[in-house]
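Peer 1: Let me give you the structure first, and then I'll get to my questions.
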2 protein chains.
Amino acid sequence: MNTPTSLANIRIVLSHTTHPGNIGAAARAMKTMGINQLYLVNPLHFPDPQADAMASGARDIVQGAKICASLEEALRGTIFAVGLTARRRDLSHEMRWLHEAAPKIVQEARLGAVALVFGTEMSGLSNAELDRCQLLASIPADPACSSLNLAAAVQVTAYETRRAALDAPVQRAQDVALAGFDEIEKFYLHLEQTLHATGFLDPAEPKRLMRRLRRLFARARLEKEEVNILRGILKAVNKNIEQNQ
Amino acid sequence: MNTPTSLANIRIVLSHTTHPGNIGAAARAMKTMGINQLYLVNPLHFPDPQADAMASGARDIVQGAKICASLEEALRGTIFAVGLTARRRDLSHEMRWLHEAAPKIVQEARLGAVALVFGTEMSGLSNAELDRCQLLASIPADPACSSLNLAAAVQVTAYETRRAALDAPVQRAQDVALAGFDEIEKFYLHLEQTLHATGFLDPAEPKRLMRRLRRLFARARLEKEEVNILRGILKAVNKNIEQNQ
């Protein structure tokens, strides 16, 4: 069974991993499923002999891992990011079981780079990290013991993604250019600055409003041209406000 | 999500395991998926502190593991045994991909005890062991790197079995109030007026821009509260512009 090309567009992002052995085991898990790009956000110990030892035949992935200073850096260039999380949160993005999310992951990976993001061993992804993702996915574990080892979670996620990639009928790529992570973050920044300028943003709780707006636009999956339009609107608003001062 | 009763009839059988850490990691993998019976056929080192350490919250499974002198002993009482093995063409047994085998595993587990059998880390199940199984199942790994870690294979197998055992996942609709047609149309009107006021809307082609924006927000399926937020923003923008005039 050959590796579908969509898997080549998928990167595994491990944020603030504590145990280097888990990095190696995750690399092996990825490689068995044909996913070969590993990004590490501030790993506690890396490089480390334990990572190499646990990688077994996947040392090339460990050695080629990209070390990033922030999740933003690891997501650069992606058009879609999925956060793996055990918990359901009230102020959350779209949430799916992993097997429901997998076809979507594969579909997006046909259009551009996709990140599957995993948090620390102890506490998973922070809210700020979840806010950088467009979709949250959850492995349906037993509630009595729901905490998978990090590499085991990577294994199941990579397996399910590969399964979806092998199953998926070949669809023609959509004829629209989706906005990338960087463009969208710049738009959010522009939006936040503009809302400050209008006086609408509550200075006491600026983050709450921005999280709501991020959630709205994440659901819409902004296209490049739409980001241009939205930023054009913000520019026009700012011009009006400046004339007022 | 509760544990389906069929999973209680499933046992994981590890034959001649070399590394005790893998036994512990396999126990954890099982437990996260609601499978709690572990049988060990002639483990090389057991009991062992490494097994306990890797088990994390699944030490009860490690400590309750049944040690057997032969695979026959581990299969006693079962009505169905599935051997996990990398895809091979020289075998005359019935062979299925894991996800094809999983519904059958669950169906049998509703009737009686079922064993999922895993061989050694280095060479998997022997032919004699495979002959004790009624079905062989294979994880569709990448041919370039098809060897999963033992505990990772147990994790994927337990996950796929749990997935098959769970009734079609019923996801409760999110408890959010979606905005109605009228509210959304009022928002579009408000947006169009505001864009006029800012001077952003091209008077020659007003409809084209509004159609683009409608399309964007339609994809997002606006919630009531989001419409309120968006209209609050428009109000703040308008106030700024009026002060300017």
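Chain lettering (A, B, ...) mirrors the order of the structure tokens, residue numbering begins at 1 for each chain separately, and ligand numbering begins at 1 in order of display.
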Determine, using only C-alpha atoms, which residues of chain B have any atom at most 7 Å from an atom of chain A, and tabulate each with its shortest atom pair and distance in Å to one decimal place, rows ordered by chain and then rising number, as a Markdown table.

Peer 2:
| residue | atom | partner | partner_atom | distance |
| --- | --- | --- | --- | --- |
| B:Met1 | CA | A:Pro143 | CA | 6.7 |
| B:Asn2 | CA | A:Asp142 | CA | 6.7 |
| B:Thr3 | CA | A:Asp142 | CA | 6.3 |
| B:Ala29 | CA | A:Leu148 | CA | 6.7 |
| B:Lys31 | CA | A:Cys145 | CA | 6.2 |
| B:Thr32 | CA | A:Cys145 | CA | 5.0 |
| B:Met33 | CA | A:Ala141 | CA | 5.2 |
| B:Gly34 | CA | A:Asp142 | CA | 5.3 |
| B:Ala141 | CA | A:Met33 | CA | 5.2 |
| B:Asp142 | CA | A:Met33 | CA | 5.2 |
| B:Pro143 | CA | A:Met1 | CA | 6.8 |
| B:Cys145 | CA | A:Thr32 | CA | 5.0 |
| B:Ser146 | CA | A:Thr32 | CA | 5.2 |
| B:Ser147 | CA | A:Thr32 | CA | 6.5 |
| B:Leu148 | CA | A:Thr32 | CA | 6.3 |
| B:Ala152 | CA | A:Ala152 | CA | 5.9 |
| B:Gln155 | CA | A:Ala152 | CA | 6.5 |
| B:Val156 | CA | A:Val156 | CA | 5.6 |
| B:Thr198 | CA | A:Ala236 | CA | 5.7 |
| B:Gly199 | CA | A:Ala236 | CA | 6.8 |
| B:Phe200 | CA | A:Ala236 | CA | 5.8 |
| B:Leu216 | CA | A:Ala220 | CA | 6.2 |
| B:Phe217 | CA | A:Ala220 | CA | 6.8 |
| B:Arg219 | CA | A:Ala220 | CA | 5.1 |
| B:Ala220 | CA | A:Ala220 | CA | 4.3 |
| B:Ile233 | CA | A:Phe200 | CA | 6.1 |
| B:Ala236 | CA | A:Thr198 | CA | 5.8 |
| B:Val237 | CA | A:Thr198 | CA | 5.8 |
| B:Asn240 | CA | A:Ile241 | CA | 6.0 |
| B:Ile241 | CA | A:Asn240 | CA | 6.0 |
| B:Gln243 | CA | A:Asn244 | CA | 6.8 |
| B:Asn244 | CA | A:Asn244 | CA | 4.7 |

Peer 1: Pairing the C-alpha atoms in order and superposing chain B on chain A, what is the resulting RMSD?

Peer 2: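 Per the least-squares fit, the RMSD is 23.0 Å.
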
Peer 1: Considering only alpha helix (DSSP H) as DSSP defines it on the backbone, what residues of region 37-168 of chain B qualify? List them as an NGL selection string.

Peer 2: :B and (49-55 or 59-63 or 71-75 or 98-109 or 127-130 or 150-165)

Peer 1: Write out as a PyMOL selection string each polymer residue whose atoms come within 9 Å of Arg59 (chain A), counting only C-alpha atoms; drop sequence neighbours fewer than 6 positions from it.

Peer 2: chain A and resi 24+27-28+51-53

Peer 1: Taking only C-alpha atoms into account, which of B:Phe80, B:Phe46, B:Tyr188, B:Tyr39 comes nearest Lys207 (chain B)?

Peer 2: B:Tyr188

Peer 1: How many Å separate CA of Thr120 (chain A) from CA of Leu40 (chain A)?

Peer 2: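 Those two atoms sit 11.2 Å apart.
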
Peer 1: Rounded to one decimal, what separation in Å do you get between CA of Ala101 (chain B) and CA of Ala164 (chain B)?

Peer 2: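 Interatomic distance, CA of Ala101 (chain B) to CA of Ala164 (chain B): 9.5 Å.
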
Peer 1: Taking only C-alpha atoms into account, which of A:Glu192, A:Glu121, A:Asp202, A:Glu183 comes nearest His16 (chain A)?

Peer 2: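 Among the listed residues, the smallest separation from His16 (chain A) belongs to A:Glu121.
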
Peer 1: Can you tell me which residues surround Leu135 (chain B) at a distance of at most 12 Å, considering only C-alpha atoms, apart from same-chain residues fewer than 5 positions away, and format the answer as a ChimeraX atom specification?

Peer 2: /B:79-85,91-98,100-102,104-105,108,114-117,129-130

Peer 1: Mind pulling up the distance from CA of Lys186 (chain A) to CA of Ile67 (chain A)?

Peer 2: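 Separation of CA of Ile67 (chain A) and CA of Lys186 (chain A): 22.8 Å.
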
Peer 1: Any chance you could list, as a list in words, the residues in region 46-182 of chain A that come up strand (DSSP E or B) when DSSP is run on the backbone?

Peer 2: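 Result set for region 46-182 of chain A (strand (DSSP E or B)): Lys66, Ile67, Cys68, Thr78, Ile79, Phe80, Ala81, Val82, Gly83, Leu84, Met95, Arg96, Trp97, Ala113, Val114, Ala115, Leu116, Val117, Phe118, Thr120, Gly124, Leu135, Leu136, Ala137, Ser138 and Leu178 of chain A.
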
Peer 1: Given only C-alpha atoms as the basis, pick out the residue of B:Gly21, B:Gln134, B:Arg208, B:Leu178 nearest to Asn228 (chain B).

Peer 2: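 Nearest to Asn228 (chain B): B:Leu178.
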
Peer 1: Using only C-alpha atoms, determine which residues lie at most 9 Å from His19 (chain B), disregarding the query and same-chain residues fewer than 3 positions distant; provide the list as JSON, numbers by chain.

Peer 2: {"B": [22, 23, 43, 44, 45, 50, 51, 121]}

Peer 1: Output C-alpha atoms for every residue in that selection, as a compact mmCIF listing (two decimals), in the first residue's frame.

Peer 2:
# COMPACT_ATOMS: atom_id res chain seq x y z
CA ASN B 22 6.62 -2.70 26.35
CA ILE B 23 4.37 -4.77 28.62
CA PRO B 43 7.65 -12.98 29.06
CA LEU B 44 11.46 -12.66 29.21
CA HIS B 45 11.48 -10.32 32.24
CA GLN B 50 10.06 -1.02 34.01
CA ALA B 51 6.70 -2.60 33.28
CA GLU B 121 9.23 -7.35 19.21
